[in-house]
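Shown next: final-v5.tsv, given as TSV, C-alpha atoms.
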```
chain	number	residue	atom	x	y	z
A	1	MET	CA	0.52	-6.90	14.14
A	2	ALA	CA	2.87	-6.48	11.18
A	3	LYS	CA	4.14	-3.00	10.40
A	4	GLY	CA	3.45	-3.53	6.72
A	5	ARG	CA	3.68	-5.94	3.81
A	6	ILE	CA	6.84	-5.71	1.71
A	7	LEU	CA	7.40	-7.19	-1.76
A	8	LEU	CA	11.14	-7.69	-2.30
A	9	VAL	CA	12.28	-8.11	-5.91
A	10	GLU	CA	15.96	-9.10	-5.80
A	11	ASP	CA	17.87	-11.78	-7.75
A	12	ASP	CA	20.93	-11.85	-5.48
A	13	ASN	CA	19.90	-14.72	-3.19
A	14	ALA	CA	22.42	-13.93	-0.46
A	15	LEU	CA	21.35	-10.28	-0.30
A	16	ALA	CA	17.68	-11.24	-0.47
A	17	GLU	CA	18.03	-13.63	2.49
A	18	LEU	CA	19.78	-10.90	4.51
A	19	LEU	CA	17.09	-8.33	3.73
A	20	VAL	CA	14.21	-10.73	4.42
A	21	TYR	CA	15.76	-11.62	7.78
A	22	ASN	CA	16.23	-7.98	8.82
A	23	LEU	CA	12.78	-6.87	7.64
A	24	LYS	CA	11.03	-9.75	9.42
A	25	ARG	CA	13.01	-8.98	12.56
A	26	GLU	CA	11.42	-5.51	12.45
A	27	ASP	CA	7.94	-7.09	12.20
A	28	PHE	CA	7.38	-6.62	8.46
A	29	GLU	CA	5.72	-9.30	6.37
A	30	VAL	CA	7.93	-10.06	3.36
A	31	ALA	CA	7.28	-11.78	0.04
A	32	HIS	CA	10.32	-12.33	-2.19
A	33	THR	CA	10.78	-13.02	-5.88
A	34	ALA	CA	13.74	-12.70	-8.24
A	35	ASP	CA	11.60	-12.38	-11.37
A	36	GLY	CA	10.10	-9.19	-12.77
A	37	GLU	CA	7.07	-10.83	-14.35
A	38	ASP	CA	6.34	-12.70	-11.12
A	39	ALA	CA	6.74	-9.46	-9.17
A	40	MET	CA	4.08	-7.72	-11.25
A	41	LEU	CA	1.70	-10.65	-10.85
A	42	LEU	CA	2.19	-10.78	-7.07
A	43	ALA	CA	1.78	-7.02	-6.73
A	44	ARG	CA	-1.45	-6.94	-8.75
A	45	GLU	CA	-3.01	-9.97	-7.06
A	46	ASN	CA	-2.31	-8.69	-3.54
A	47	PRO	CA	-0.84	-5.16	-3.57
A	48	PRO	CA	1.85	-4.75	-0.89
A	49	ASP	CA	2.37	-1.69	1.27
A	50	LEU	CA	5.79	-1.15	-0.31
A	51	VAL	CA	7.97	-2.63	-3.06
A	52	LEU	CA	11.75	-3.00	-2.76
A	53	LEU	CA	12.82	-3.32	-6.37
A	54	ASP	CA	16.27	-4.19	-7.71
A	55	TRP	CA	17.03	-2.41	-10.98
A	56	MET	CA	19.19	-5.15	-12.53
A	57	ILE	CA	17.01	-8.28	-12.48
A	58	GLU	CA	16.78	-10.87	-15.24
A	59	GLY	CA	14.01	-10.69	-17.81
A	60	VAL	CA	11.88	-7.59	-17.30
A	61	SER	CA	14.14	-4.93	-15.76
A	62	GLY	CA	13.35	-3.29	-12.44
A	63	ILE	CA	12.83	0.07	-14.13
A	64	GLU	CA	10.23	-1.49	-16.45
A	65	VAL	CA	8.53	-3.24	-13.52
A	66	CYS	CA	8.32	0.16	-11.80
A	67	ARG	CA	6.84	1.75	-14.92
A	68	ARG	CA	4.18	-0.97	-15.30
A	69	LEU	CA	3.21	-0.94	-11.62
A	70	ARG	CA	2.60	2.79	-11.88
A	71	ARG	CA	0.25	2.21	-14.83
A	72	HIS	CA	-1.92	-0.37	-13.05
A	73	PRO	CA	-4.79	1.07	-10.90
A	74	GLU	CA	-4.25	-1.29	-7.95
A	75	THR	CA	-0.50	-0.60	-7.72
A	76	ALA	CA	-0.29	2.97	-9.01
A	77	ASN	CA	0.11	4.40	-5.51
A	78	VAL	CA	2.19	1.65	-3.90
A	79	PRO	CA	5.51	3.20	-2.76
A	80	ILE	CA	8.58	1.81	-4.54
A	81	ILE	CA	12.19	1.93	-3.36
A	82	MET	CA	14.74	1.10	-6.05
A	83	LEU	CA	17.83	-0.93	-5.10
A	84	THR	CA	20.74	-0.62	-7.50
A	85	ALA	CA	24.47	-0.46	-8.00
A	86	ARG	CA	23.90	2.33	-10.53
A	87	GLY	CA	24.82	5.39	-8.50
A	88	GLU	CA	25.20	8.01	-11.22
A	89	GLU	CA	22.98	11.06	-11.01
A	90	ALA	CA	21.39	10.34	-14.42
A	91	ASP	CA	20.37	6.86	-13.23
A	92	ARG	CA	18.90	8.17	-9.98
A	93	ILE	CA	16.90	10.77	-11.88
A	94	ARG	CA	15.66	8.17	-14.36
A	95	GLY	CA	14.52	5.91	-11.53
A	96	LEU	CA	12.69	8.71	-9.73
A	97	GLU	CA	11.09	10.01	-12.92
A	98	THR	CA	9.85	6.49	-13.71
A	99	GLY	CA	7.94	6.48	-10.44
A	100	ALA	CA	10.28	5.34	-7.65
A	101	ASP	CA	9.73	7.05	-4.29
A	102	ASP	CA	13.27	6.49	-3.05
A	103	TYR	CA	16.58	5.17	-4.33
A	104	ILE	CA	19.23	3.19	-2.40
A	105	THR	CA	22.63	2.60	-3.98
A	106	LYS	CA	24.48	-0.66	-3.31
A	107	PRO	CA	26.29	-1.46	-1.13
A	108	PHE	CA	24.07	-0.40	1.76
A	109	SER	CA	23.55	-1.64	5.30
A	110	PRO	CA	20.37	-3.52	6.27
A	111	ARG	CA	19.83	-0.93	9.02
A	112	GLU	CA	19.80	1.87	6.45
A	113	LEU	CA	17.32	0.00	4.27
A	114	VAL	CA	14.97	-0.73	7.18
A	115	ALA	CA	15.14	2.93	8.20
A	116	ARG	CA	14.33	4.10	4.66
A	117	VAL	CA	11.43	1.63	4.43
A	118	GLY	CA	10.05	2.95	7.71
A	119	ALA	CA	10.40	6.57	6.58
A	120	VAL	CA	8.55	5.97	3.31
A	121	LEU	CA	5.77	4.00	5.02
A	122	ARG	CA	5.28	6.74	7.62
A	123	ARG	CA	4.70	9.21	4.80
A	124	VAL	CA	2.03	7.07	3.13
A	125	ARG	CA	0.56	5.34	6.21
A	126	PRO	CA	-0.04	7.96	8.93
A	127	ALA	CA	-1.16	5.30	11.41
A	128	LEU	CA	2.48	4.31	11.82
A	129	ALA	CA	3.21	7.72	13.33
A	130	GLY	CA	0.42	7.77	15.90
A	131	GLU	CA	-3.26	7.16	16.60
A	132	GLN	CA	-4.66	10.12	14.66
A	133	LEU	CA	-5.64	9.71	11.01
A	134	ALA	CA	-6.96	12.42	8.73
A	135	TYR	CA	-7.82	12.87	5.07
A	136	ALA	CA	-9.67	15.81	3.52
A	137	ASP	CA	-12.25	16.79	6.18
A	138	ILE	CA	-12.35	13.36	7.86
A	139	GLU	CA	-10.57	12.80	11.18
A	140	MET	CA	-10.21	9.52	13.07
A	141	ASP	CA	-9.03	9.08	16.65
A	142	ILE	CA	-8.09	5.40	16.77
A	143	GLY	CA	-7.54	5.27	20.52
A	144	ALA	CA	-10.88	6.90	21.35
A	145	HIS	CA	-12.63	5.10	18.46
A	146	LYS	CA	-14.14	8.35	17.21
A	147	VAL	CA	-14.64	9.74	13.71
A	148	ARG	CA	-15.48	13.31	12.68
A	149	ARG	CA	-16.19	14.89	9.34
A	150	GLY	CA	-16.13	18.64	9.11
A	151	GLY	CA	-16.03	18.71	12.90
A	152	ALA	CA	-19.26	16.70	13.26
A	153	THR	CA	-19.13	13.30	14.99
A	154	ILE	CA	-19.98	10.28	12.81
A	155	ALA	CA	-21.39	7.08	14.32
A	156	LEU	CA	-19.88	3.97	12.72
A	157	GLY	CA	-20.28	0.28	13.40
A	158	PRO	CA	-17.13	-1.77	14.16
A	159	THR	CA	-16.77	-3.08	10.61
A	160	GLU	CA	-17.31	0.32	9.01
A	161	PHE	CA	-14.76	1.80	11.43
A	162	ARG	CA	-12.14	-0.79	10.42
A	163	LEU	CA	-12.97	-0.26	6.76
A	164	LEU	CA	-12.59	3.52	7.03
A	165	ARG	CA	-9.38	3.13	9.02
A	166	HIS	CA	-7.94	0.95	6.24
A	167	PHE	CA	-8.84	3.58	3.63
A	168	LEU	CA	-7.39	6.38	5.77
A	169	GLU	CA	-4.14	4.47	6.11
A	170	HIS	CA	-3.90	4.18	2.31
A	171	PRO	CA	-5.53	7.29	0.80
A	172	GLY	CA	-5.84	7.18	-2.97
A	173	ARG	CA	-5.08	3.45	-3.21
A	174	VAL	CA	-7.60	1.29	-5.08
A	175	PHE	CA	-8.54	-1.93	-3.27
A	176	SER	CA	-10.44	-4.86	-4.74
A	177	ARG	CA	-13.21	-6.52	-2.73
A	178	GLU	CA	-10.92	-9.51	-2.15
A	179	ARG	CA	-8.10	-7.31	-0.84
A	180	LEU	CA	-10.49	-5.49	1.48
A	181	LEU	CA	-11.80	-8.80	2.78
A	182	ASP	CA	-8.26	-9.94	3.47
A	183	SER	CA	-7.16	-6.68	5.12
A	184	VAL	CA	-10.31	-5.74	7.06
A	185	TRP	CA	-12.00	-9.06	7.83
A	186	GLY	CA	-8.89	-11.29	7.93
A	187	HIS	CA	-7.41	-14.26	6.09
A	188	ASP	CA	-9.81	-16.80	7.60
A	189	SER	CA	-13.00	-14.92	6.81
A	190	ASP	CA	-15.68	-16.86	4.95
A	191	ILE	CA	-17.61	-13.70	4.04
A	192	GLU	CA	-18.59	-13.32	0.39
A	193	PRO	CA	-16.82	-10.54	-1.57
A	194	ARG	CA	-20.18	-8.89	-2.33
A	195	THR	CA	-20.60	-8.32	1.41
A	196	VAL	CA	-17.94	-5.64	1.04
A	197	ASP	CA	-20.39	-3.68	-1.14
A	198	VAL	CA	-22.95	-3.69	1.70
A	199	HIS	CA	-20.47	-2.26	4.18
A	200	ILE	CA	-19.23	0.29	1.65
A	201	ARG	CA	-22.83	1.50	1.25
A	202	ARG	CA	-23.21	1.74	5.04
A	203	LEU	CA	-19.94	3.63	5.33
A	204	ARG	CA	-20.93	6.00	2.53
A	205	LYS	CA	-24.32	6.66	4.13
A	206	ALA	CA	-22.69	7.49	7.46
A	207	ILE	CA	-19.88	9.74	6.26
A	208	ASN	CA	-21.96	11.46	3.56
A	209	ASP	CA	-24.86	12.26	5.89
A	210	GLY	CA	-26.24	15.75	5.40
A	211	GLY	CA	-25.41	15.93	1.71
A	212	LYS	CA	-21.64	15.88	2.06
A	213	ALA	CA	-19.59	15.00	-1.02
A	214	ASP	CA	-18.95	11.29	-1.55
A	215	ILE	CA	-15.30	10.68	-0.71
A	216	ILE	CA	-15.26	6.99	-1.64
A	217	ARG	CA	-14.52	6.40	-5.30
A	218	THR	CA	-15.77	3.32	-7.10
A	219	VAL	CA	-13.37	2.08	-9.78
A	220	ARG	CA	-15.20	-0.15	-12.23
A	221	SER	CA	-13.81	-3.72	-12.32
A	222	ALA	CA	-11.13	-2.76	-9.79
A	223	GLY	CA	-12.64	-1.82	-6.42
A	224	TYR	CA	-12.80	1.18	-4.12
A	225	ALA	CA	-10.56	4.04	-3.02
A	226	LEU	CA	-10.70	6.92	-0.57
A	227	ASP	CA	-10.48	9.94	-2.84
A	228	SER	CA	-11.40	13.57	-2.24
A	229	GLU	CA	-12.74	13.63	-5.80
A	230	GLY	CA	-14.64	10.36	-5.32
A	231	HIS	CA	-18.13	9.69	-6.57
A	232	ALA	CA	-20.69	6.94	-6.19
```
Write-out of the structure in structure tokens:
Amino acid sequence: MAKGRILLVEDDNALAELLVYNLKREDFEVAHTADGEDAMLLARENPPDLVLLDWMIEGVSGIEVCRRLRRHPETANVPIIMLTARGEEADRIRGLETGADDYITKPFSPRELVARVGAVLRRVRPALAGEQLAYADIEMDIGAHKVRRGGATIALGPTEFRLLRHFLEHPGRVFSRERLLDSVWGHDSDIEPRTVDVHIRRLRKAINDGGKADIIRTVRSAGYALDSEGHA
């Protein structure tokens, strides 16, 4: 199973090939583009787990791509690591203030980049650090296949368990029905997107039993997110 899906936005073909090779060797799935507009389209159609974004790309700059991804609901919480030769403090601050989660100055070693990618993903995807997931008052023991909310055990079917696990691995992220189908049911699934709504209702009923606050947020025309301020 892949460690995560990476979108690499880099117009230096030699560097891009080197990074793709090293990331795939560490079991990451990698999509690559050299174009800012294409990067935004790819990220919105199928949000990655992390974006590696070169600042100096042709057309729309990396800093503008970062700004726009942060404005879009489906990519607002996707971690972004900026890659750039601009090492001045003012540039680093500008990149971070625009929404980047980390900043790597060229030249850098592939080993350093892979380590930084892993560190950022561990912060946003707790499952990479172990078999215990938690968000708000929900706890999941992946190995034992158990879920608790507020200390009380919750009975979930296999699909609802996988669905909740996916949300717990990406708290706050908005996922469309199509993305959930792809991530939870798999690429070859012939299930209709509306089936996701049925399982969301089942999951809500189970985890909200006893009048607990709804922790799954519905985002009109966008999808669903695990959110401690969620509502039906």
Give me the segment 11-60 of chain A side of the contact with segment 68-76 of chain A, cut-off 9 Å, one line per residue showing its nearest atom pair and distance in Å at one decimal, counting all atoms listed in the file, sorted by chain and residue number, as JSON lines.
```
{"residue": "A:Met40", "atom": "CA", "partner": "A:Leu69", "partner_atom": "CA", "distance": 6.8}
{"residue": "A:Ala43", "atom": "CA", "partner": "A:Thr75", "partner_atom": "CA", "distance": 6.9}
{"residue": "A:Arg44", "atom": "CA", "partner": "A:Glu74", "partner_atom": "CA", "distance": 6.4}
{"residue": "A:Glu45", "atom": "CA", "partner": "A:Glu74", "partner_atom": "CA", "distance": 8.8}
{"residue": "A:Asn46", "atom": "CA", "partner": "A:Glu74", "partner_atom": "CA", "distance": 8.8}
{"residue": "A:Pro47", "atom": "CA", "partner": "A:Thr75", "partner_atom": "CA", "distance": 6.2}
{"residue": "A:Pro48", "atom": "CA", "partner": "A:Thr75", "partner_atom": "CA", "distance": 8.3}
```
(message) I need the residue nearest Leu41 of chain A from this list: A:Leu226, A:Thr218, A:Val65, A:Arg25. Use all atoms listed in the file for the distance.
(response)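 Closest to Leu41 of chain A of all the choices is A:Val65.
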(message) With all atoms listed in the file as the counted atoms, please give the residues lying no more than 6 Å from segment 135-140 of chain A, apart from itself and same-chain residues fewer than 6 positions off, as a ChimeraX atom specification.
(response) /A:146-150
(message) From the options A:Asp101, A:Asp49, A:Asp35, A:Glu17, which residue's atoms come nearest to Gly62 of chain A, counting all atoms listed in the file?
(response)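 Among the listed residues, the smallest separation from Gly62 of chain A belongs to A:Asp35.
A straight line drawn from atom CA of Ala115 of chain A to atom CA of Ile81 of chain A is 12.0 Å long.
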(request) Record the distance separating atom CA of Ala206 of chain A and atom CA of Pro158 of chain A, expressed in Å with one decimal. (result)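 Straight-line distance from atom CA of Ala206 of chain A to atom CA of Pro158 of chain A works out to 12.7 Å.
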(request) Excluding Leu163 of chain A and any residue of its chain fewer than 4 positions from it, enumerate the residues within 8 Å of it, using only C-alpha atoms, and give them as a PyMOL selection string. (result) chain A and resi 159+167+180+184
Include C-alpha atoms and write out the residues we just selected as a short mmCIF file (atom, residue, chain, number, x, y, z; two decimals), keeping the file's coordinate frame.
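Result file follows (again33.cif):
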```cif
data_model
loop_
_atom_site.label_atom_id
_atom_site.label_comp_id
_atom_site.auth_asym_id
_atom_site.auth_seq_id
_atom_site.Cartn_x
_atom_site.Cartn_y
_atom_site.Cartn_z
CA THR A 159 -16.77 -3.08 10.61
CA PHE A 167 -8.84 3.58 3.63
CA LEU A 180 -10.49 -5.49 1.48
CA VAL A 184 -10.31 -5.74 7.06
#
```
(request) Could you tell me how far atom CA of Ile215 of chain A lies from atom CA of Gly143 of chain A, in Å and to one decimal? (result) 23.2 Å
(message) What's around Ile57 of chain A at 8 Å? Count only C-alpha atoms, leave out sequence neighbours fewer than 2 positions away in its own chain, and write the answer as a ChimeraX atom specification.
(response) /A:10-11,34-36,54-55,59-62
With 3 Å of padding per side, what axis-aligned box (centre and edge lengths, Å, one decimal) covers all the listed atoms of segment 177-181 of chain A? Give it as JSON.
```
{"center_x": -10.7, "center_y": -7.5, "center_z": 0.0, "size_x": 11.1, "size_y": 10.0, "size_z": 11.5}
```
(request) Give the answer as one residue: which of A:Lys3, A:Lys106, A:Lys24, A:Lys205 has the shortest atom-to-atom distance to Arg122 of chain A, using all atoms listed in the file? (result) A:Lys3
(request) Please identify all polymer residues within 12 Å of Arg116 of chain A, counting all atoms listed in the file, omitting same-chain residues fewer than 6 positions from it, and present them as an NGL selection string. (result) :A and (23 or 50 or 52 or 79-83 or 101-104 or 108-110 or 122-123)
(request) Point out the residue among A:Val78, A:Ala85, A:Leu96, A:Ala213 with the least atom-to-atom distance to Val174 of chain A, counting all atoms listed in the file. (result) A:Val78
(request) Identify which of the residues A:Ser176, A:Ala14, A:Ile207, A:Glu37 lies closest to Arg194 of chain A, counting only C-alpha atoms when measuring atom-to-atom distances. (result) A:Ser176
(request) Find the spatial neighbours of Pro193 of chain A, counting only C-alpha atoms, within a cut-off of 7 Å - ignore same-chain residues fewer than 6 positions away - and output them as a list in words. (result) Arg177, Glu178 and Leu181 of chain A
(message) Calculated over only C-alpha atoms, which of the candidates A:Ala144, A:Leu203, A:Val198, A:Leu42 has the smallest distance to Arg162 of chain A?
(response) A:Leu203
Starting from the incomplete input, reconstruct N, CA and C atoms of segment 1-28 of chain A and write that as a PDB file, in the coordinates of the input.
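Writing the result to result.pdb gives the following:
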```
ATOM      1  N   MET A   1       1.000  -7.314  15.457  1.00  0.00           N
ATOM      2  CA  MET A   1       0.520  -6.900  14.140  1.00  0.00           C
ATOM      3  C   MET A   1       1.686  -6.405  13.293  1.00  0.00           C
ATOM      4  N   ALA A   2       1.764  -6.863  12.061  1.00  0.00           N
ATOM      5  CA  ALA A   2       2.870  -6.480  11.180  1.00  0.00           C
ATOM      6  C   ALA A   2       2.841  -4.988  10.879  1.00  0.00           C
ATOM      7  N   LYS A   3       4.041  -4.414  10.730  1.00  0.00           N
ATOM      8  CA  LYS A   3       4.140  -3.000  10.400  1.00  0.00           C
ATOM      9  C   LYS A   3       3.709  -2.713   8.976  1.00  0.00           C
ATOM     10  N   GLY A   4       3.796  -3.715   8.124  1.00  0.00           N
ATOM     11  CA  GLY A   4       3.450  -3.530   6.720  1.00  0.00           C
ATOM     12  C   GLY A   4       3.889  -4.736   5.923  1.00  0.00           C
ATOM     13  N   ARG A   5       3.356  -4.842   4.708  1.00  0.00           N
ATOM     14  CA  ARG A   5       3.680  -5.940   3.810  1.00  0.00           C
ATOM     15  C   ARG A   5       4.636  -5.452   2.735  1.00  0.00           C
ATOM     16  N   ILE A   6       5.794  -6.117   2.646  1.00  0.00           N
ATOM     17  CA  ILE A   6       6.840  -5.710   1.710  1.00  0.00           C
ATOM     18  C   ILE A   6       6.981  -6.768   0.611  1.00  0.00           C
ATOM     19  N   LEU A   7       7.053  -6.317  -0.645  1.00  0.00           N
ATOM     20  CA  LEU A   7       7.400  -7.190  -1.760  1.00  0.00           C
ATOM     21  C   LEU A   7       8.843  -6.873  -2.148  1.00  0.00           C
ATOM     22  N   LEU A   8       9.735  -7.855  -1.966  1.00  0.00           N
ATOM     23  CA  LEU A   8      11.140  -7.690  -2.300  1.00  0.00           C
ATOM     24  C   LEU A   8      11.423  -8.361  -3.639  1.00  0.00           C
ATOM     25  N   VAL A   9      11.940  -7.584  -4.582  1.00  0.00           N
ATOM     26  CA  VAL A   9      12.280  -8.110  -5.910  1.00  0.00           C
ATOM     27  C   VAL A   9      13.794  -7.987  -6.059  1.00  0.00           C
ATOM     28  N   GLU A  10      14.491  -9.100  -5.830  1.00  0.00           N
ATOM     29  CA  GLU A  10      15.960  -9.100  -5.800  1.00  0.00           C
ATOM     30  C   GLU A  10      16.472 -10.468  -6.234  1.00  0.00           C
ATOM     31  N   ASP A  11      17.392 -10.500  -7.239  1.00  0.00           N
ATOM     32  CA  ASP A  11      17.870 -11.780  -7.750  1.00  0.00           C
ATOM     33  C   ASP A  11      19.200 -12.221  -7.149  1.00  0.00           C
ATOM     34  N   ASP A  12      19.755 -11.437  -6.229  1.00  0.00           N
ATOM     35  CA  ASP A  12      20.930 -11.850  -5.480  1.00  0.00           C
ATOM     36  C   ASP A  12      20.426 -12.593  -4.241  1.00  0.00           C
ATOM     37  N   ASN A  13      20.500 -13.924  -4.261  1.00  0.00           N
ATOM     38  CA  ASN A  13      19.900 -14.720  -3.190  1.00  0.00           C
ATOM     39  C   ASN A  13      20.488 -14.415  -1.819  1.00  0.00           C
ATOM     40  N   ALA A  14      21.790 -14.215  -1.748  1.00  0.00           N
ATOM     41  CA  ALA A  14      22.420 -13.930  -0.460  1.00  0.00           C
ATOM     42  C   ALA A  14      21.922 -12.608   0.109  1.00  0.00           C
ATOM     43  N   LEU A  15      21.849 -11.582  -0.747  1.00  0.00           N
ATOM     44  CA  LEU A  15      21.350 -10.280  -0.300  1.00  0.00           C
ATOM     45  C   LEU A  15      19.876 -10.370   0.062  1.00  0.00           C
ATOM     46  N   ALA A  16      19.105 -11.097  -0.739  1.00  0.00           N
ATOM     47  CA  ALA A  16      17.680 -11.240  -0.470  1.00  0.00           C
ATOM     48  C   ALA A  16      17.437 -11.889   0.890  1.00  0.00           C
ATOM     49  N   GLU A  17      18.189 -12.951   1.198  1.00  0.00           N
ATOM     50  CA  GLU A  17      18.030 -13.630   2.490  1.00  0.00           C
ATOM     51  C   GLU A  17      18.356 -12.672   3.638  1.00  0.00           C
ATOM     52  N   LEU A  18      19.394 -11.867   3.470  1.00  0.00           N
ATOM     53  CA  LEU A  18      19.780 -10.900   4.510  1.00  0.00           C
ATOM     54  C   LEU A  18      18.681  -9.863   4.718  1.00  0.00           C
ATOM     55  N   LEU A  19      18.131  -9.353   3.624  1.00  0.00           N
ATOM     56  CA  LEU A  19      17.090  -8.330   3.730  1.00  0.00           C
ATOM     57  C   LEU A  19      15.808  -8.902   4.317  1.00  0.00           C
ATOM     58  N   VAL A  20      15.423 -10.093   3.877  1.00  0.00           N
ATOM     59  CA  VAL A  20      14.210 -10.730   4.420  1.00  0.00           C
ATOM     60  C   VAL A  20      14.360 -10.913   5.923  1.00  0.00           C
ATOM     61  N   TYR A  21      15.530 -11.398   6.352  1.00  0.00           N
ATOM     62  CA  TYR A  21      15.760 -11.620   7.780  1.00  0.00           C
ATOM     63  C   TYR A  21      15.622 -10.316   8.572  1.00  0.00           C
ATOM     64  N   ASN A  22      16.250  -9.251   8.090  1.00  0.00           N
ATOM     65  CA  ASN A  22      16.230  -7.980   8.820  1.00  0.00           C
ATOM     66  C   ASN A  22      14.846  -7.331   8.809  1.00  0.00           C
ATOM     67  N   LEU A  23      14.131  -7.443   7.705  1.00  0.00           N
ATOM     68  CA  LEU A  23      12.780  -6.870   7.640  1.00  0.00           C
ATOM     69  C   LEU A  23      11.823  -7.634   8.546  1.00  0.00           C
ATOM     70  N   LYS A  24      11.903  -8.953   8.547  1.00  0.00           N
ATOM     71  CA  LYS A  24      11.030  -9.750   9.420  1.00  0.00           C
ATOM     72  C   LYS A  24      11.351  -9.503  10.884  1.00  0.00           C
ATOM     73  N   ARG A  25      12.619  -9.267  11.181  1.00  0.00           N
ATOM     74  CA  ARG A  25      13.010  -8.980  12.560  1.00  0.00           C
ATOM     75  C   ARG A  25      12.380  -7.675  13.052  1.00  0.00           C
ATOM     76  N   GLU A  26      12.080  -6.781  12.109  1.00  0.00           N
ATOM     77  CA  GLU A  26      11.420  -5.510  12.450  1.00  0.00           C
ATOM     78  C   GLU A  26       9.902  -5.600  12.296  1.00  0.00           C
ATOM     79  N   ASP A  27       9.382  -6.833  12.220  1.00  0.00           N
ATOM     80  CA  ASP A  27       7.940  -7.090  12.200  1.00  0.00           C
ATOM     81  C   ASP A  27       7.261  -6.742  10.878  1.00  0.00           C
ATOM     82  N   PHE A  28       8.003  -6.770   9.772  1.00  0.00           N
ATOM     83  CA  PHE A  28       7.380  -6.620   8.460  1.00  0.00           C
ATOM     84  C   PHE A  28       7.078  -8.000   7.893  1.00  0.00           C
TER      85      PHE A  28
END
```
